[in-house]
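Asker: Once you've had a glance at the structure underneath, I'll fire off some questions.
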There are 2 protein chains.
Amino acid sequence: MIYHPTRRAILSMIGAAAGTSAMYAAMTSLGHAAQSPYKGPIRLEGDPKGAKVLILGAGLAGMAAALELRAAGYHVEILEYREKAGGRCWTLRSGDTYTELGGFTQNVDFAEGNYINPGPWRIPYNHHALLDYCRRLGVTLEPFIQQNHNAYLHSSKAFGGKPMRFREIDADFRGNISELLAKATNAGALDEAVTPTDREALMASLKYYGALDDEFNYLKGDHSSEYRGWAKWPGGGASARPEPSEPLDFAAILQSRLWNKLVDADLVEFQETMFQPVGGMDRIAVAFEKQVGDLIKYNCKVTEIRQNDEGVTVTYMGSDGSGEPRTATADWCLCTIPFSILSQIDADLSAEMKGVVDSMPYAASVKFGLEFKRRFWEQDEAIYGGITYTDLPITLISYPSTGYQSDGPAVLLGGYAWDAIANQFTSMSPEERLKWAIEYGTHIHPQYPQEFKTGVSVVWHRVPWTLGCYGLWREREANYDKATRIDGRILMAGEHISYLPGWMEGAITSTLDAVSRLHDRVING
Amino acid sequence: MIYHPTRRAILSMIGAAAGTSAMYAAMTSLGHAAQSPYKGPIRLEGDPKGAKVLILGAGLAGMAAALELRAAGYHVEILEYREKAGGRCWTLRSGDTYTELGGFTQNVDFAEGNYINPGPWRIPYNHHALLDYCRRLGVTLEPFIQQNHNAYLHSSKAFGGKPMRFREIDADFRGNISELLAKATNAGALDEAVTPTDREALMASLKYYGALDDEFNYLKGDHSSEYRGWAKWPGGGASARPEPSEPLDFAAILQSRLWNKLVDADLVEFQETMFQPVGGMDRIAVAFEKQVGDLIKYNCKVTEIRQNDEGVTVTYMGSDGSGEPRTATADWCLCTIPFSILSQIDADLSAEMKGVVDSMPYAASVKFGLEFKRRFWEQDEAIYGGITYTDLPITLISYPSTGYQSDGPAVLLGGYAWDAIANQFTSMSPEERLKWAIEYGTHIHPQYPQEFKTGVSVVWHRVPWTLGCYGLWREREANYDKATRIDGRILMAGEHISYLPGWMEGAITSTLDAVSRLHDRVING
């Protein structure tokens, strides 16, 4: 009884119904190739005849390069500073120990299964290369919730310091600007800008967009409450009739500046649908490591990079400075070491490349993973995933996008601060930092003190192997091309060699490009 | 090394930092009780002394009532028309057979693990009673993706019939109205409506909201492309520089009316975060059935409902009309039978109640579950979950919110039509219906004919046990209270006795209210 038409049958049916031109128009609109420099798995054709590539750094850039180069017939070796792979694609969970520059050591004692991603923590749908590797390497993804209408927008200087629900600010702002524009239009202020035909459509669109009434007013009532939320929410049975809520004063919204986060989730990098790997971001690193782990030498601190017309020689010792210096040689070197670190290594680079390496500052930032005894944000406040924004120095609180409604402790991102704020933490102890994060978070969630269990902080400019969060370009337009060039026998890859700084997609697409160009050089000279 | 402060220590620290009044302000803003008539699990105190309640219908309303009444000490019996519980909380998966009114039978032959929810398919974060039952009964939830910036808005009459990405229409509409309002403001058109101080904040907010440039224009450039998407998307390595995209003509957007879905996901019922049970909506029904299945008599068609001062007597026979009529008696009857069905049953109801029962139409609708050989919407078009809207009669296509990036066949909701359109299917065969859904869907996804595997349709007004999708109130204000009253020894519950028609939350909160009032009557007379 189930319908299994042949393709031919349906194509002819559609052709008749839609017209060939409509079909063609639809078909040419397809394919997401246009969305990304990533055109699918790279093909490195031609025999590299035993050429060897030495890769510095076993982050995603280094490991993706190793995977593709070995598949193309190269000899590959990776030197990695840490005891494990992944770089900033990193997850801290129970039992992990992390020692930062200066010696502070934190032992993570989250409950089993809980974790925090100190580095990248979300994957946009348009990061095609990374998503494709996740697919190929079997990394299971689940949605990361960026936008949450029931999370808060908070200003310590507005609405008495009370956190406001996103939906309220959002609906009221949209309602009020729609009303203002409708009134300006009706008053003839747009007669020059909008034709009479379009004016009618504009007014209809504003009425819908702003939840306006028939007179184009944004007012307390069922209509606005369907967007901003109700004073008494609808339910069932007797006395279930909902009661509309009172919109906020528009001037108060304007002066609060809480509108300054309303369309952040409409940026392509934060639009739905976003993802995270099930179990922590490092599931991606682990999946790569499964493929190329046999090529990685761990605990290697690179001290010197030499090159001549014949090849590259890299000197390294133990990460803790122990052991005799050893050397690795290769025909080519793919260097994914962050410029913040590379600038401190004695390396044969052209003056031009050296200039870029030495002049790239790295972002200072700090992230807090706070574990609480229970999911009070879900249980008390109906916030399931998503982000609360605040003008307090923690800047945001992001609630876990997994394990909804589960009992027991859960970890949230208790702060993500940058630059001057982050720099305050340089010499602060982990205990002091947590105190600070809890103190500010309590302004938004007074349950904090009672429910707090344990926490960890990562101050990125104190991370020994990167000394910063990501590469900040100064005058990228002028210098970007210099950094991408094959510099003798060395070329650079990583998030810093991309227009997606700080994103794993930047690291991956950078490395795929580097590998392709290197291969072309090897094959075609 | 990890910081474990005492509660007292932190409270005093916060008190000092934030000031007691700020803390109090924050604390009183908490609690979601105000969001819902649902105040947590109901407490039925007092001994019902062996009173018996007969429940008609083992949908969510009937089963939740049974669970609570038995816990309170009642004798409970449920009569259910079908061979299983759940009612409209229903999932069709491989091996299921469904026969509709008129005799059309469909055998569902989706691949293992694939399913479609013909009834409710998403759970808003503000449906607290339902979410609480999911928690208490161990139903695991995952996010349901409602909004997807990369899904389409489609009009057969605009943009040459080409589906447009949501993000393009969204960003361009917002940009243009922001620009228009900024210009009207600058031209003095709002001088009466907005004070000079607020005007400055308004201009700043519009610049941010609309991604306007320094002259308040919405133009092609990096800024607008960060919202609407790029012509060439940013990547890494050489030649990675992104290229901005060209905004659409605003007049074309206005005339297309594609703006008419831009804020649908900002309705409280569709705001983030939404949920679905892992494995299909009927996991909720199954979880309830595990609790109260022993109270349910299946395959019982109620033919007569009698009541007097002493109690209620219900006559029933086999669902197929077979068997001798049997009777069940009780002190009270909670009737969750849809009024579309109840109106055809000989029942002792007051004239007032009968009037409401007989005059409630039920919504006609149709839903299509289409299985395709692969997730071409993900693989070719980077659409992961979410909804495409169209002016074609299928009205929408909703992509699966689970199993992202997996290989093999997947099921999408291939159409969800209402009223006049849905009525066209009354006598159409399942094969013809699928042909129709595929034909229209091909306008949006030309891969349809090649990738289609199998499908199923549910025409709700042909579902024998409900004859419609949900109860449509006529003159609810005038009649609602009549339907909620205890009518002698009978009272009604279900989504139709709620201000959340068609939602499971309506059914649950309706039944909790009914049960509470019934208990009060039993205990206090």
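By order in the structure tokens, chains are A, B, ...; within a chain, residues start at 1; ligands start at 1, following the order shown.
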Any idea what's packed within 12 Å of segment 197-199 of chain A, counting only C-alpha atoms, ignoring anything in its chain fewer than 3 positions away? Could you give it as an MDAnalysis selection string?
Answerer: (chainID A and resid 181:194 202:206) or (chainID B and resid 177 180 249:257)
Asker: Keeping only N, CA and C atoms, write the selected residues as a compact mmCIF listing (two decimals), in the first residue's frame.
Answerer:
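Below is the file that was written, selection-v9.txt:
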# COMPACT_ATOMS: atom_id res chain seq x y z
N LEU A 181 7.91 53.11 13.22
CA LEU A 181 8.06 53.17 11.76
C LEU A 181 6.68 53.22 11.08
N ALA A 182 5.73 52.47 11.62
CA ALA A 182 4.38 52.51 11.04
C ALA A 182 3.81 53.92 11.14
N LYS A 183 4.06 54.56 12.28
CA LYS A 183 3.50 55.90 12.45
C LYS A 183 4.20 56.92 11.56
N ALA A 184 5.51 56.78 11.44
CA ALA A 184 6.24 57.67 10.54
C ALA A 184 5.75 57.46 9.10
N THR A 185 5.51 56.22 8.74
CA THR A 185 5.02 55.92 7.39
C THR A 185 3.65 56.54 7.18
N ASN A 186 2.77 56.34 8.14
CA ASN A 186 1.42 56.90 8.05
C ASN A 186 1.43 58.42 8.00
N ALA A 187 2.42 59.00 8.67
CA ALA A 187 2.50 60.46 8.69
C ALA A 187 3.14 61.02 7.42
N GLY A 188 3.51 60.12 6.51
CA GLY A 188 4.05 60.57 5.23
C GLY A 188 5.54 60.78 5.22
N ALA A 189 6.21 60.44 6.32
CA ALA A 189 7.65 60.72 6.41
C ALA A 189 8.47 59.88 5.44
N LEU A 190 7.87 58.79 4.95
CA LEU A 190 8.62 57.90 4.05
C LEU A 190 8.10 57.96 2.62
N ASP A 191 7.31 58.96 2.32
CA ASP A 191 6.68 59.00 1.00
C ASP A 191 7.70 59.01 -0.13
N GLU A 192 8.86 59.60 0.16
CA GLU A 192 9.88 59.63 -0.90
C GLU A 192 10.61 58.31 -1.01
N ALA A 193 10.75 57.61 0.10
CA ALA A 193 11.56 56.39 0.15
C ALA A 193 10.77 55.15 -0.27
N VAL A 194 9.45 55.20 -0.11
CA VAL A 194 8.65 53.99 -0.33
C VAL A 194 7.45 54.32 -1.22
N LEU A 202 4.52 47.28 3.49
CA LEU A 202 5.34 47.64 4.65
C LEU A 202 4.49 47.71 5.91
N MET A 203 3.33 48.37 5.80
CA MET A 203 2.47 48.49 6.98
C MET A 203 2.00 47.11 7.45
N ALA A 204 1.65 46.26 6.50
CA ALA A 204 1.22 44.90 6.88
C ALA A 204 2.36 44.15 7.54
N SER A 205 3.56 44.32 7.00
CA SER A 205 4.71 43.60 7.56
C SER A 205 5.03 44.09 8.97
N LEU A 206 4.89 45.40 9.20
CA LEU A 206 5.19 45.94 10.53
C LEU A 206 4.16 45.47 11.56
N ILE B 177 14.14 48.05 7.58
CA ILE B 177 13.23 48.82 8.45
C ILE B 177 14.05 49.64 9.45
N LEU B 180 15.09 52.70 7.52
CA LEU B 180 13.96 53.61 7.32
C LEU B 180 13.64 54.37 8.60
N ASP B 249 16.49 43.25 -2.96
CA ASP B 249 15.72 44.47 -3.12
C ASP B 249 14.59 44.49 -2.07
N PHE B 250 14.53 45.57 -1.30
CA PHE B 250 13.57 45.61 -0.20
C PHE B 250 12.12 45.56 -0.71
N ALA B 251 11.87 46.24 -1.81
CA ALA B 251 10.51 46.20 -2.36
C ALA B 251 10.13 44.77 -2.74
N ALA B 252 11.10 44.03 -3.26
CA ALA B 252 10.82 42.64 -3.63
C ALA B 252 10.50 41.80 -2.39
N ILE B 253 11.22 42.07 -1.30
CA ILE B 253 10.93 41.36 -0.05
C ILE B 253 9.52 41.70 0.45
N LEU B 254 9.23 43.01 0.43
CA LEU B 254 7.90 43.42 0.91
C LEU B 254 6.80 42.75 0.09
N GLN B 255 6.96 42.77 -1.23
CA GLN B 255 5.91 42.20 -2.09
C GLN B 255 5.85 40.68 -2.01
N SER B 256 6.97 40.07 -1.69
CA SER B 256 7.00 38.59 -1.62
C SER B 256 6.18 38.06 -0.44
N ARG B 257 6.01 38.91 0.54
CA ARG B 257 5.36 38.54 1.80
C ARG B 257 6.10 37.42 2.54
Asker: Can you pull out every residue from segment 133-202 of chain B that DSSP, working from the backbone, puts in helix (DSSP H, G or I), and format the result as a VMD selection string?
Answerer: chain B and resid 133 to 137 159 to 161 166 to 186 196 to 202
Asker: Pick the closest to chain B from A:Phe339, A:Phe368, A:Tyr209, A:Phe159: which is it, counting only C-alpha atoms?
Answerer: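 So, comparing all the options, the nearest one is A:Tyr209.
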Asker: Would you mind reading off the distance between atom CA of Gly293 of chain A and atom CA of Glu142 of chain A, one decimal, in Å?
Answerer: 25.6 Å
Asker: Rank A:Asp380, A:Glu324, A:Glu77, A:Glu475 by their smallest atom-to-atom distance to chain B, using only C-alpha atoms, and report the top residue only.
Answerer: A:Asp380
Asker: For a test of reading the model, state the distance in Å between atom CA of Leu56 of chain A and atom CA of Ala240 of chain B, rounded to one decimal.
Answerer: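 Between atom CA of Leu56 of chain A and atom CA of Ala240 of chain B the gap is 22.3 Å.
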Asker: For segment 484-497 of chain A, please output as a list in words all residues within 6 Å (counting only C-alpha atoms; exclusion window: fewer than 6 positions along the same chain).
Answerer: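 Skipping anything fewer than 6 positions along the chain leaves Ala61, Trp332, Cys333, Leu334, Cys335, Thr336, Gly471, Gly506, Ala507, Ser510 and Thr511 of chain A; Gly236, Gly237 and Ala238 of chain B.
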Asker: Just the selected residues (C-alpha atoms), exported as a PDB file, in the first residue's frame, please.
Answerer:
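File written: selection17.pdb
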ATOM      1  CA  ALA A  61      45.294  21.751  12.018  1.00  0.00           C
ATOM      2  CA  TRP A 332      59.024  20.141   4.420  1.00  0.00           C
ATOM      3  CA  CYS A 333      57.636  21.545   7.607  1.00  0.00           C
ATOM      4  CA  LEU A 334      54.029  22.476   8.344  1.00  0.00           C
ATOM      5  CA  CYS A 335      54.125  24.692  11.397  1.00  0.00           C
ATOM      6  CA  THR A 336      50.893  25.045  13.385  1.00  0.00           C
ATOM      7  CA  GLY A 471      45.711  35.279  16.968  1.00  0.00           C
ATOM      8  CA  GLY A 506      39.628  28.373  10.488  1.00  0.00           C
ATOM      9  CA  ALA A 507      42.294  25.906  11.604  1.00  0.00           C
ATOM     10  CA  SER A 510      43.773  26.817   6.742  1.00  0.00           C
ATOM     11  CA  THR A 511      45.499  23.452   6.942  1.00  0.00           C
TER      12      THR A 511
ATOM     13  CA  GLY B 236      41.528  29.681   6.032  1.00  0.00           C
ATOM     14  CA  GLY B 237      44.784  29.766   4.097  1.00  0.00           C
ATOM     15  CA  ALA B 238      45.509  31.697   0.927  1.00  0.00           C
TER      16      ALA B 238
END
Asker: Among segment 50-257 of chain B, which residues does DSSP mark as strand (DSSP E or B) when it is run on the backbone? Keep the chain and numbering as in the structure and answer as a VMD selection string.
Answerer: chain B and resid 52 to 56 59 75 to 79 86 92 to 93 97 to 99 105 to 107 115 to 116 123 141 to 144 152 to 154 164 to 165 232 236 243
Asker: With N, CA and C atoms retained, could you export that selection as an mmCIF file, in the first residue's frame?
Answerer:
data_model
loop_
_atom_site.group_PDB
_atom_site.id
_atom_site.type_symbol
_atom_site.label_atom_id
_atom_site.label_comp_id
_atom_site.auth_asym_id
_atom_site.auth_seq_id
_atom_site.Cartn_x
_atom_site.Cartn_y
_atom_site.Cartn_z
ATOM 1 N N LYS B 52 -14.578 5.542 43.610
ATOM 2 C CA LYS B 52 -14.061 5.057 42.329
ATOM 3 C C LYS B 52 -14.291 6.091 41.230
ATOM 4 N N VAL B 53 -13.265 6.269 40.409
ATOM 5 C CA VAL B 53 -13.382 7.165 39.254
ATOM 6 C C VAL B 53 -13.188 6.338 37.993
ATOM 7 N N LEU B 54 -14.125 6.451 37.084
ATOM 8 C CA LEU B 54 -14.002 5.822 35.782
ATOM 9 C C LEU B 54 -13.504 6.873 34.803
ATOM 10 N N ILE B 55 -12.377 6.576 34.152
ATOM 11 C CA ILE B 55 -11.793 7.531 33.221
ATOM 12 C C ILE B 55 -12.038 7.039 31.802
ATOM 13 N N LEU B 56 -12.543 7.908 30.961
ATOM 14 C CA LEU B 56 -12.800 7.525 29.570
ATOM 15 C C LEU B 56 -11.694 8.100 28.691
ATOM 16 N N GLY B 59 -5.536 8.714 26.855
ATOM 17 C CA GLY B 59 -4.543 9.668 26.348
ATOM 18 C C GLY B 59 -3.774 10.238 27.537
ATOM 19 N N HIS B 75 -10.049 4.291 43.683
ATOM 20 C CA HIS B 75 -10.119 3.184 42.734
ATOM 21 C C HIS B 75 -10.258 3.794 41.350
ATOM 22 N N VAL B 76 -9.504 3.301 40.414
ATOM 23 C CA VAL B 76 -9.507 3.916 39.081
ATOM 24 C C VAL B 76 -9.614 2.833 38.017
ATOM 25 N N GLU B 77 -10.399 3.119 37.003
ATOM 26 C CA GLU B 77 -10.461 2.246 35.830
ATOM 27 C C GLU B 77 -10.483 3.144 34.602
ATOM 28 N N ILE B 78 -9.739 2.739 33.567
ATOM 29 C CA ILE B 78 -9.740 3.531 32.325
ATOM 30 C C ILE B 78 -10.277 2.663 31.189
ATOM 31 N N LEU B 79 -11.188 3.216 30.420
ATOM 32 C CA LEU B 79 -11.640 2.554 29.190
ATOM 33 C C LEU B 79 -11.000 3.267 27.996
ATOM 34 N N GLY B 86 -2.172 6.533 24.828
ATOM 35 C CA GLY B 86 -1.441 7.697 24.339
ATOM 36 C C GLY B 86 -2.286 8.659 23.541
ATOM 37 N N LEU B 92 4.427 6.956 14.689
ATOM 38 C CA LEU B 92 4.367 5.856 13.708
ATOM 39 C C LEU B 92 5.783 5.477 13.320
ATOM 40 N N ARG B 93 6.066 4.177 13.441
ATOM 41 C CA ARG B 93 7.406 3.688 13.073
ATOM 42 C C ARG B 93 7.269 2.371 12.355
ATOM 43 N N THR B 97 0.806 -0.397 11.727
ATOM 44 C CA THR B 97 -0.272 -0.383 10.740
ATOM 45 C C THR B 97 -1.331 0.584 11.231
ATOM 46 N N TYR B 98 -1.829 1.371 10.318
ATOM 47 C CA TYR B 98 -2.842 2.350 10.715
ATOM 48 C C TYR B 98 -3.987 2.337 9.704
ATOM 49 N N THR B 99 -5.175 2.109 10.225
ATOM 50 C CA THR B 99 -6.360 2.111 9.367
ATOM 51 C C THR B 99 -7.233 3.290 9.721
ATOM 52 N N THR B 105 -5.707 1.511 4.721
ATOM 53 C CA THR B 105 -4.732 1.020 5.688
ATOM 54 C C THR B 105 -3.338 1.318 5.186
ATOM 55 N N GLN B 106 -2.494 1.815 6.067
ATOM 56 C CA GLN B 106 -1.103 2.065 5.700
ATOM 57 C C GLN B 106 -0.187 1.237 6.604
ATOM 58 N N ASN B 107 0.752 0.537 5.972
ATOM 59 C CA ASN B 107 1.765 -0.199 6.712
ATOM 60 C C ASN B 107 3.049 0.612 6.655
ATOM 61 N N TYR B 115 10.950 7.511 12.470
ATOM 62 C CA TYR B 115 9.561 7.647 12.907
ATOM 63 C C TYR B 115 9.010 8.986 12.473
ATOM 64 N N ILE B 116 7.684 9.109 12.583
ATOM 65 C CA ILE B 116 7.043 10.414 12.444
ATOM 66 C C ILE B 116 6.026 10.544 13.574
ATOM 67 N N ILE B 123 7.758 20.404 22.176
ATOM 68 C CA ILE B 123 7.388 20.780 23.537
ATOM 69 C C ILE B 123 8.039 22.111 23.893
ATOM 70 N N LEU B 141 14.741 13.965 26.988
ATOM 71 C CA LEU B 141 14.402 14.973 25.977
ATOM 72 C C LEU B 141 15.642 15.423 25.219
ATOM 73 N N GLU B 142 15.423 15.826 23.989
ATOM 74 C CA GLU B 142 16.480 16.446 23.196
ATOM 75 C C GLU B 142 15.869 17.688 22.550
ATOM 76 N N PRO B 143 16.723 18.634 22.128
ATOM 77 C CA PRO B 143 16.167 19.855 21.547
ATOM 78 C C PRO B 143 15.418 19.573 20.236
ATOM 79 N N PHE B 144 14.272 20.180 20.111
ATOM 80 C CA PHE B 144 13.566 20.248 18.841
ATOM 81 C C PHE B 144 13.949 21.581 18.211
ATOM 82 N N TYR B 152 14.562 27.457 4.470
ATOM 83 C CA TYR B 152 14.048 28.368 3.449
ATOM 84 C C TYR B 152 12.754 29.047 3.855
ATOM 85 N N LEU B 153 12.575 30.227 3.253
ATOM 86 C CA LEU B 153 11.258 30.823 3.116
ATOM 87 C C LEU B 153 10.971 30.782 1.620
ATOM 88 N N HIS B 154 9.822 30.282 1.268
ATOM 89 C CA HIS B 154 9.548 30.044 -0.151
ATOM 90 C C HIS B 154 8.172 30.571 -0.540
ATOM 91 N N MET B 164 14.318 30.968 -0.654
ATOM 92 C CA MET B 164 15.294 31.909 -0.106
ATOM 93 C C MET B 164 15.699 31.446 1.293
ATOM 94 N N ARG B 165 16.965 31.672 1.626
ATOM 95 C CA ARG B 165 17.390 31.313 2.977
ATOM 96 C C ARG B 165 16.737 32.271 3.978
ATOM 97 N N LYS B 232 31.086 34.891 -0.836
ATOM 98 C CA LYS B 232 32.122 33.888 -0.612
ATOM 99 C C LYS B 232 32.405 33.869 0.883
ATOM 100 N N GLY B 236 40.149 29.561 5.613
ATOM 101 C CA GLY B 236 41.528 29.681 6.032
ATOM 102 C C GLY B 236 42.486 29.532 4.871
ATOM 103 N N GLU B 243 33.908 37.398 0.614
ATOM 104 C CA GLU B 243 33.323 38.444 -0.220
ATOM 105 C C GLU B 243 31.889 38.682 0.208
#
Asker: For the atom pair atom CA of Ala51 of chain A and atom CA of Tyr74 of chain A, what is the interatomic distance in Å to one decimal place?
Answerer: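 Atom CA of Tyr74 of chain A lies at a distance of 5.6 Å from atom CA of Ala51 of chain A.
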Asker: Within 10 Å of Gly385 of chain A, counting only C-alpha atoms, which residues qualify if same-chain residues fewer than 3 places away don't, as number ranges by chain?
Answerer: A: 143-148, 150-151, 377-378, 382, 388, 397-404, 412; B: 143, 272-273
Asker: Hey, which of B:Glu112, B:Asp419, B:Glu439, B:Asp391 ends up closest to chain A? Count only C-alpha atoms.
Answerer: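 Selected residue with least distance to chain A: B:Glu439.
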